[in-house]
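Everything on this sheet refers to the single structure shown next.
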Amino acid sequence: MRCPKCGGQDDKVIDSRASREGSVIRRRRECLNCEQRFTTYEEIEREELFVVKRDGRREPFSKEKLLSGLKRACQKRPVSEEAVADAVERVTNEITERFDREVPAKVIGERVMRELRELDAVAYVRFASIYREFQEVGEFVDEVNRLATLPPPDKRQMAFLADSEETDQLLPVKS
């Protein structure tokens, strides 16, 4: 690994640990030339997954686009960057485990909404308004009322187990 300070290629790993639910390895390194410490991340390179849009178009799945959408929904809300990054990892891991090559955009959208419901109700409604293409104020009111009738999310329970009936319906197992 090339040192970001001096460009040297000799380093030693000081610490290694799994992060983001085990899908990434974080390594703390020290350059043997200048003693600069830096962090690297190692993650599995996955086969390219395509998102099938509502109109039938296909585009490569983008973790960055997913992160951007979640950040936008959580903007100016008391949700940490780490919580958003963890939500992105959970969504990404679930869809890549369940789908080989293509995933419907609807599945991703519904899965993101479940994550946001657990993180912040306002972020959830923001995302839902764009995702479900609300056209009138009444649609916001209906969504807020629907959200109010749902049982509060159990923070101790893993998100993908929260509604197993809904999960089975939205995320079919690979064949």
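Each chain in the structure tokens gets a letter, A, B, ..., in the order shown, and its residues are numbered from 1; ligands are numbered from 1 in order too.
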**Message:** Residues near region 54-57 of chain A, anyone? I mean within 10 Å using only C-alpha atoms, not counting same-chain ones fewer than 2 positions away, as a list in words.
**Reply:** Phe50, Val51, Val52, Glu59, Pro104, Ala105 and Lys106 of chain A
Arg27 (chain A): which residues within 8 Å, counting only C-alpha atoms, same-chain residues fewer than 2 positions away excluded, as a PDB file with C-alpha atoms, in the first residue's frame?
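In the end it all went to selection_1.pdb:
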ATOM      1  CA  VAL A  13      -0.389  -3.366   9.641  1.00  0.00           C
ATOM      2  CA  ILE A  14      -0.885  -2.183  13.218  1.00  0.00           C
ATOM      3  CA  ASP A  15      -4.530  -3.153  13.649  1.00  0.00           C
ATOM      4  CA  SER A  16      -7.127  -5.049  11.622  1.00  0.00           C
ATOM      5  CA  ARG A  17     -10.822  -5.344  12.391  1.00  0.00           C
ATOM      6  CA  ILE A  25     -12.039  -4.932   6.904  1.00  0.00           C
ATOM      7  CA  ARG A  29      -1.129   0.905   8.869  1.00  0.00           C
ATOM      8  CA  THR A  39      -6.265   3.679   7.447  1.00  0.00           C
ATOM      9  CA  THR A  40      -7.273   1.456   4.546  1.00  0.00           C
ATOM     10  CA  TYR A  41     -10.484  -0.439   3.903  1.00  0.00           C
ATOM     11  CA  GLU A  42     -10.835  -3.765   2.133  1.00  0.00           C
TER      12      GLU A  42
END
**Message:** Give me, as a ChimeraX atom specification, all polymer residues having an atom no more than 12 Å from Pro78 (chain A), counting only C-alpha atoms and skipping those fewer than 5 positions away in the same chain.
**Reply:** /A:71,73,83-84,119-123
The selected residues should be written to file as a compact mmCIF listing (two decimals), in the first residue's frame (atoms: N, CA and C atoms).
# COMPACT_ATOMS: atom_id res chain seq x y z
N LYS A 71 -28.77 10.33 2.73
CA LYS A 71 -28.26 11.58 3.32
C LYS A 71 -29.21 12.73 3.08
N ALA A 73 -32.45 12.59 2.61
CA ALA A 73 -33.64 12.40 3.45
C ALA A 73 -33.35 12.78 4.91
N ALA A 83 -24.88 6.11 11.31
CA ALA A 83 -26.18 5.42 11.22
C ALA A 83 -26.63 5.32 9.77
N VAL A 84 -26.39 6.38 9.00
CA VAL A 84 -26.75 6.37 7.58
C VAL A 84 -25.89 5.35 6.83
N LEU A 119 -34.80 4.96 11.59
CA LEU A 119 -33.86 6.04 11.90
C LEU A 119 -34.56 7.33 12.32
N ASP A 120 -35.56 7.76 11.53
CA ASP A 120 -36.17 9.06 11.79
C ASP A 120 -37.46 9.18 10.98
N ALA A 121 -38.56 9.48 11.65
CA ALA A 121 -39.87 9.55 10.99
C ALA A 121 -39.93 10.65 9.94
N VAL A 122 -39.31 11.79 10.22
CA VAL A 122 -39.34 12.90 9.25
C VAL A 122 -38.55 12.52 8.00
N ALA A 123 -37.39 11.89 8.17
CA ALA A 123 -36.60 11.44 7.02
C ALA A 123 -37.39 10.42 6.21
**Request:** Could you tell me how far CA of Glu118 (chain A) lies from CA of Thr149 (chain A), in Å and to one decimal?
**Result:** 14.4 Å
**Request:** Can you list, as a PyMOL selection string, all residues belonging to region 98-140 of chain A that DSSP tags as helix (DSSP H, G or I)?
**Result:** chain A and resi 98+105-119+121-131+137-140
**Message:** Residues near Gly7 (chain A), anyone? I mean within 12 Å using only C-alpha atoms, not counting same-chain ones fewer than 3 positions away, as a PyMOL selection string.
**Reply:** chain A and resi 1-4+10-11+31-36
Can those selected residues be exported to a file as an mmCIF file, in the first residue's frame so that it contains C-alpha atoms?
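Here's the written file out_35.cif:
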data_model
loop_
_atom_site.group_PDB
_atom_site.id
_atom_site.type_symbol
_atom_site.label_atom_id
_atom_site.label_comp_id
_atom_site.auth_asym_id
_atom_site.auth_seq_id
_atom_site.Cartn_x
_atom_site.Cartn_y
_atom_site.Cartn_z
ATOM 1 C CA MET A 1 0.000 0.000 0.000
ATOM 2 C CA ARG A 2 1.405 3.402 -0.956
ATOM 3 C CA CYS A 3 1.841 5.903 1.924
ATOM 4 C CA PRO A 4 -0.313 9.019 1.399
ATOM 5 C CA ASP A 10 6.730 -0.351 2.804
ATOM 6 C CA ASP A 11 4.273 -0.422 5.680
ATOM 7 C CA CYS A 31 4.648 3.638 6.900
ATOM 8 C CA LEU A 32 8.108 2.204 7.592
ATOM 9 C CA ASN A 33 9.762 5.178 5.829
ATOM 10 C CA CYS A 34 8.125 8.221 7.472
ATOM 11 C CA GLU A 35 6.121 6.591 10.316
ATOM 12 C CA GLN A 36 2.887 8.186 9.069
#
**Item:** Glu43 (chain A) surroundings by only C-alpha atoms, 9 Å radius, close-in-sequence under 6 positions cut, as a ChimeraX atom specification
**Value:** /A:23-26
**Prompt:** Could you pull the residues within 12 Å of region 134-147 of chain A, counting only C-alpha atoms, minus those fewer than 2 positions along the same chain, as a PyMOL selection string?
**Reply:** chain A and resi 113-114+116-118+120-132+149-153
Keeping only N, CA and C atoms, write the selected residues as a PDB file, in the first residue's frame.
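Done, and the output landed in selection.pdb:
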ATOM      1  N   MET A 113     -37.091   2.626   2.816  1.00  0.00           N
ATOM      2  CA  MET A 113     -38.134   3.212   3.656  1.00  0.00           C
ATOM      3  C   MET A 113     -38.202   2.504   5.013  1.00  0.00           C
ATOM      4  N   ARG A 114     -37.997   1.200   5.041  1.00  0.00           N
ATOM      5  CA  ARG A 114     -37.985   0.492   6.332  1.00  0.00           C
ATOM      6  C   ARG A 114     -36.813   0.957   7.187  1.00  0.00           C
ATOM      7  N   LEU A 116     -35.324   3.931   7.011  1.00  0.00           N
ATOM      8  CA  LEU A 116     -35.593   5.304   7.442  1.00  0.00           C
ATOM      9  C   LEU A 116     -36.648   5.354   8.538  1.00  0.00           C
ATOM     10  N   ARG A 117     -37.608   4.469   8.476  1.00  0.00           N
ATOM     11  CA  ARG A 117     -38.638   4.427   9.518  1.00  0.00           C
ATOM     12  C   ARG A 117     -37.991   4.187  10.877  1.00  0.00           C
ATOM     13  N   GLU A 118     -36.953   3.363  10.904  1.00  0.00           N
ATOM     14  CA  GLU A 118     -36.256   3.097  12.165  1.00  0.00           C
ATOM     15  C   GLU A 118     -35.337   4.242  12.569  1.00  0.00           C
ATOM     16  N   ASP A 120     -35.557   7.757  11.532  1.00  0.00           N
ATOM     17  CA  ASP A 120     -36.169   9.061  11.785  1.00  0.00           C
ATOM     18  C   ASP A 120     -37.460   9.181  10.981  1.00  0.00           C
ATOM     19  N   ALA A 121     -38.558   9.485  11.652  1.00  0.00           N
ATOM     20  CA  ALA A 121     -39.869   9.548  10.994  1.00  0.00           C
ATOM     21  C   ALA A 121     -39.933  10.652   9.943  1.00  0.00           C
ATOM     22  N   VAL A 122     -39.309  11.793  10.216  1.00  0.00           N
ATOM     23  CA  VAL A 122     -39.337  12.898   9.249  1.00  0.00           C
ATOM     24  C   VAL A 122     -38.548  12.518   7.997  1.00  0.00           C
ATOM     25  N   ALA A 123     -37.393  11.892   8.173  1.00  0.00           N
ATOM     26  CA  ALA A 123     -36.600  11.438   7.022  1.00  0.00           C
ATOM     27  C   ALA A 123     -37.394  10.416   6.215  1.00  0.00           C
ATOM     28  N   TYR A 124     -38.127   9.563   6.906  1.00  0.00           N
ATOM     29  CA  TYR A 124     -38.972   8.566   6.245  1.00  0.00           C
ATOM     30  C   TYR A 124     -40.002   9.246   5.346  1.00  0.00           C
ATOM     31  N   VAL A 125     -40.710  10.241   5.886  1.00  0.00           N
ATOM     32  CA  VAL A 125     -41.753  10.924   5.106  1.00  0.00           C
ATOM     33  C   VAL A 125     -41.132  11.699   3.947  1.00  0.00           C
ATOM     34  N   ARG A 126     -39.977  12.313   4.169  1.00  0.00           N
ATOM     35  CA  ARG A 126     -39.284  13.013   3.071  1.00  0.00           C
ATOM     36  C   ARG A 126     -39.008  12.052   1.921  1.00  0.00           C
ATOM     37  N   PHE A 127     -38.416  10.919   2.248  1.00  0.00           N
ATOM     38  CA  PHE A 127     -38.070   9.939   1.220  1.00  0.00           C
ATOM     39  C   PHE A 127     -39.332   9.410   0.550  1.00  0.00           C
ATOM     40  N   ALA A 128     -40.342   9.091   1.354  1.00  0.00           N
ATOM     41  CA  ALA A 128     -41.594   8.549   0.819  1.00  0.00           C
ATOM     42  C   ALA A 128     -42.244   9.529  -0.151  1.00  0.00           C
ATOM     43  N   SER A 129     -42.145  10.815   0.139  1.00  0.00           N
ATOM     44  CA  SER A 129     -42.776  11.815  -0.733  1.00  0.00           C
ATOM     45  C   SER A 129     -42.164  11.821  -2.130  1.00  0.00           C
ATOM     46  N   ILE A 130     -40.874  11.587  -2.210  1.00  0.00           N
ATOM     47  CA  ILE A 130     -40.203  11.526  -3.512  1.00  0.00           C
ATOM     48  C   ILE A 130     -40.420  10.152  -4.143  1.00  0.00           C
ATOM     49  N   TYR A 131     -40.179   9.115  -3.366  1.00  0.00           N
ATOM     50  CA  TYR A 131     -40.271   7.747  -3.870  1.00  0.00           C
ATOM     51  C   TYR A 131     -41.675   7.423  -4.370  1.00  0.00           C
ATOM     52  N   ARG A 132     -42.668   7.829  -3.617  1.00  0.00           N
ATOM     53  CA  ARG A 132     -44.052   7.526  -4.000  1.00  0.00           C
ATOM     54  C   ARG A 132     -44.691   8.633  -4.831  1.00  0.00           C
ATOM     55  N   THR A 149     -49.915   4.835  12.815  1.00  0.00           N
ATOM     56  CA  THR A 149     -50.641   3.618  13.214  1.00  0.00           C
ATOM     57  C   THR A 149     -49.738   2.394  13.298  1.00  0.00           C
ATOM     58  N   LEU A 150     -48.548   2.478  12.740  1.00  0.00           N
ATOM     59  CA  LEU A 150     -47.621   1.341  12.782  1.00  0.00           C
ATOM     60  C   LEU A 150     -46.998   1.226  14.169  1.00  0.00           C
ATOM     61  N   PRO A 151     -46.706   0.005  14.618  1.00  0.00           N
ATOM     62  CA  PRO A 151     -46.031  -0.133  15.910  1.00  0.00           C
ATOM     63  C   PRO A 151     -44.633   0.472  15.812  1.00  0.00           C
ATOM     64  N   PRO A 152     -44.126   1.004  16.924  1.00  0.00           N
ATOM     65  CA  PRO A 152     -42.782   1.598  16.868  1.00  0.00           C
ATOM     66  C   PRO A 152     -41.751   0.535  16.509  1.00  0.00           C
ATOM     67  N   PRO A 153     -40.729   0.920  15.739  1.00  0.00           N
ATOM     68  CA  PRO A 153     -39.709  -0.064  15.349  1.00  0.00           C
ATOM     69  C   PRO A 153     -38.942  -0.544  16.573  1.00  0.00           C
TER      70      PRO A 153
END
**Prompt:** With only C-alpha atoms as the basis for distance, which of A:Glu110, A:Glu102, A:Glu30, A:Glu115 is at the shortest distance from Leu70 (chain A)?
**Reply:** A:Glu115
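One distance worth recording is that between CA of Val88 (chain A) and CA of Lys53 (chain A), which is 19.1 Å.
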Write down as a PDB file with N, CA and C atoms, in the first residue's frame the residues belonging to region 8-121 of chain A that are assigned strand (DSSP E) by DSSP computed on the backbone.
ATOM      1  N   ASP A  11       5.049  -0.760   4.488  1.00  0.00           N
ATOM      2  CA  ASP A  11       4.273  -0.422   5.680  1.00  0.00           C
ATOM      3  C   ASP A  11       4.012  -1.678   6.480  1.00  0.00           C
ATOM      4  N   LYS A  12       3.541  -1.484   7.696  1.00  0.00           N
ATOM      5  CA  LYS A  12       3.136  -2.630   8.503  1.00  0.00           C
ATOM      6  C   LYS A  12       1.724  -2.375   9.006  1.00  0.00           C
ATOM      7  N   VAL A  13       0.979  -3.454   9.135  1.00  0.00           N
ATOM      8  CA  VAL A  13      -0.389  -3.366   9.641  1.00  0.00           C
ATOM      9  C   VAL A  13      -0.318  -3.373  11.160  1.00  0.00           C
ATOM     10  N   ILE A  14      -0.888  -2.322  11.763  1.00  0.00           N
ATOM     11  CA  ILE A  14      -0.885  -2.183  13.218  1.00  0.00           C
ATOM     12  C   ILE A  14      -2.137  -2.826  13.820  1.00  0.00           C
ATOM     13  N   ASP A  15      -3.258  -2.654  13.128  1.00  0.00           N
ATOM     14  CA  ASP A  15      -4.530  -3.153  13.649  1.00  0.00           C
ATOM     15  C   ASP A  15      -5.430  -3.526  12.478  1.00  0.00           C
ATOM     16  N   SER A  16      -6.177  -4.591  12.640  1.00  0.00           N
ATOM     17  CA  SER A  16      -7.127  -5.049  11.622  1.00  0.00           C
ATOM     18  C   SER A  16      -8.412  -5.423  12.324  1.00  0.00           C
ATOM     19  N   ARG A  17      -9.540  -4.937  11.804  1.00  0.00           N
ATOM     20  CA  ARG A  17     -10.822  -5.344  12.391  1.00  0.00           C
ATOM     21  C   ARG A  17     -11.934  -5.240  11.367  1.00  0.00           C
ATOM     22  N   ALA A  18     -12.935  -6.061  11.568  1.00  0.00           N
ATOM     23  CA  ALA A  18     -14.109  -6.037  10.691  1.00  0.00           C
ATOM     24  C   ALA A  18     -14.969  -4.839  11.076  1.00  0.00           C
ATOM     25  N   SER A  19     -15.569  -4.221  10.074  1.00  0.00           N
ATOM     26  CA  SER A  19     -16.501  -3.127  10.338  1.00  0.00           C
ATOM     27  C   SER A  19     -17.671  -3.256   9.384  1.00  0.00           C
ATOM     28  N   VAL A  24     -16.613  -5.331   5.563  1.00  0.00           N
ATOM     29  CA  VAL A  24     -15.435  -4.522   5.262  1.00  0.00           C
ATOM     30  C   VAL A  24     -14.387  -4.785   6.343  1.00  0.00           C
ATOM     31  N   ILE A  25     -13.123  -4.819   5.932  1.00  0.00           N
ATOM     32  CA  ILE A  25     -12.039  -4.932   6.904  1.00  0.00           C
ATOM     33  C   ILE A  25     -11.304  -3.600   6.934  1.00  0.00           C
ATOM     34  N   ARG A  26     -11.200  -3.050   8.130  1.00  0.00           N
ATOM     35  CA  ARG A  26     -10.503  -1.780   8.344  1.00  0.00           C
ATOM     36  C   ARG A  26      -9.105  -2.124   8.850  1.00  0.00           C
ATOM     37  N   ARG A  27      -8.084  -1.566   8.182  1.00  0.00           N
ATOM     38  CA  ARG A  27      -6.706  -1.830   8.594  1.00  0.00           C
ATOM     39  C   ARG A  27      -6.007  -0.510   8.914  1.00  0.00           C
ATOM     40  N   ARG A  28      -5.374  -0.465  10.064  1.00  0.00           N
ATOM     41  CA  ARG A  28      -4.575   0.684  10.463  1.00  0.00           C
ATOM     42  C   ARG A  28      -3.142   0.327  10.107  1.00  0.00           C
ATOM     43  N   ARG A  29      -2.483   1.190   9.351  1.00  0.00           N
ATOM     44  CA  ARG A  29      -1.129   0.905   8.869  1.00  0.00           C
ATOM     45  C   ARG A  29      -0.159   2.000   9.300  1.00  0.00           C
ATOM     46  N   GLU A  30       1.133   1.641   9.311  1.00  0.00           N
ATOM     47  CA  GLU A  30       2.180   2.616   9.597  1.00  0.00           C
ATOM     48  C   GLU A  30       3.262   2.484   8.535  1.00  0.00           C
ATOM     49  N   CYS A  31       3.601   3.614   7.917  1.00  0.00           N
ATOM     50  CA  CYS A  31       4.648   3.638   6.900  1.00  0.00           C
ATOM     51  C   CYS A  31       5.995   3.399   7.580  1.00  0.00           C
ATOM     52  N   ARG A  37       0.842   7.261  10.017  1.00  0.00           N
ATOM     53  CA  ARG A  37      -0.200   6.242  10.177  1.00  0.00           C
ATOM     54  C   ARG A  37      -1.384   6.593   9.290  1.00  0.00           C
ATOM     55  N   PHE A  38      -1.972   5.568   8.680  1.00  0.00           N
ATOM     56  CA  PHE A  38      -3.135   5.781   7.819  1.00  0.00           C
ATOM     57  C   PHE A  38      -4.030   4.555   7.860  1.00  0.00           C
ATOM     58  N   THR A  39      -5.259   4.740   7.405  1.00  0.00           N
ATOM     59  CA  THR A  39      -6.265   3.679   7.447  1.00  0.00           C
ATOM     60  C   THR A  39      -6.643   3.270   6.037  1.00  0.00           C
ATOM     61  N   THR A  40      -6.781   1.971   5.826  1.00  0.00           N
ATOM     62  CA  THR A  40      -7.273   1.456   4.546  1.00  0.00           C
ATOM     63  C   THR A  40      -8.477   0.562   4.824  1.00  0.00           C
ATOM     64  N   TYR A  41      -9.305   0.413   3.802  1.00  0.00           N
ATOM     65  CA  TYR A  41     -10.484  -0.439   3.903  1.00  0.00           C
ATOM     66  C   TYR A  41     -10.449  -1.463   2.782  1.00  0.00           C
ATOM     67  N   GLU A  42     -10.809  -2.681   3.111  1.00  0.00           N
ATOM     68  CA  GLU A  42     -10.835  -3.765   2.133  1.00  0.00           C
ATOM     69  C   GLU A  42     -12.250  -4.335   2.126  1.00  0.00           C
ATOM     70  N   GLU A  43     -12.840  -4.438   0.925  1.00  0.00           N
ATOM     71  CA  GLU A  43     -14.170  -5.036   0.848  1.00  0.00           C
ATOM     72  C   GLU A  43     -14.274  -5.937  -0.367  1.00  0.00           C
ATOM     73  N   PHE A  50     -27.708  -4.893 -11.409  1.00  0.00           N
ATOM     74  CA  PHE A  50     -28.444  -3.851 -12.121  1.00  0.00           C
ATOM     75  C   PHE A  50     -29.786  -3.596 -11.455  1.00  0.00           C
ATOM     76  N   VAL A  51     -30.173  -2.329 -11.459  1.00  0.00           N
ATOM     77  CA  VAL A  51     -31.466  -1.907 -10.927  1.00  0.00           C
ATOM     78  C   VAL A  51     -32.414  -1.764 -12.105  1.00  0.00           C
ATOM     79  N   VAL A  52     -33.577  -2.413 -12.003  1.00  0.00           N
ATOM     80  CA  VAL A  52     -34.601  -2.304 -13.042  1.00  0.00           C
ATOM     81  C   VAL A  52     -35.566  -1.211 -12.607  1.00  0.00           C
ATOM     82  N   ARG A  58     -32.523  -0.248 -17.259  1.00  0.00           N
ATOM     83  CA  ARG A  58     -31.614  -0.888 -16.313  1.00  0.00           C
ATOM     84  C   ARG A  58     -30.398   0.006 -16.144  1.00  0.00           C
ATOM     85  N   GLU A  59     -29.966   0.145 -14.900  1.00  0.00           N
ATOM     86  CA  GLU A  59     -28.740   0.891 -14.637  1.00  0.00           C
ATOM     87  C   GLU A  59     -27.978   0.185 -13.528  1.00  0.00           C
ATOM     88  N   PRO A  60     -26.659   0.320 -13.525  1.00  0.00           N
ATOM     89  CA  PRO A  60     -25.868  -0.352 -12.492  1.00  0.00           C
ATOM     90  C   PRO A  60     -26.271   0.129 -11.097  1.00  0.00           C
ATOM     91  N   GLU A 102     -30.183  -8.695 -11.198  1.00  0.00           N
ATOM     92  CA  GLU A 102     -31.097  -7.556 -11.308  1.00  0.00           C
ATOM     93  C   GLU A 102     -31.975  -7.469 -10.071  1.00  0.00           C
ATOM     94  N   VAL A 103     -32.245  -6.242  -9.662  1.00  0.00           N
ATOM     95  CA  VAL A 103     -33.142  -5.993  -8.535  1.00  0.00           C
ATOM     96  C   VAL A 103     -34.113  -4.890  -8.947  1.00  0.00           C
ATOM     97  N   PRO A 104     -35.405  -5.082  -8.725  1.00  0.00           N
ATOM     98  CA  PRO A 104     -36.363  -4.020  -9.048  1.00  0.00           C
ATOM     99  C   PRO A 104     -36.132  -2.802  -8.152  1.00  0.00           C
TER     100      PRO A 104
END
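CA of Arg101 (chain A) to CA of Glu48 (chain A) spans 6.9 Å [interatomic distance, one decimal].
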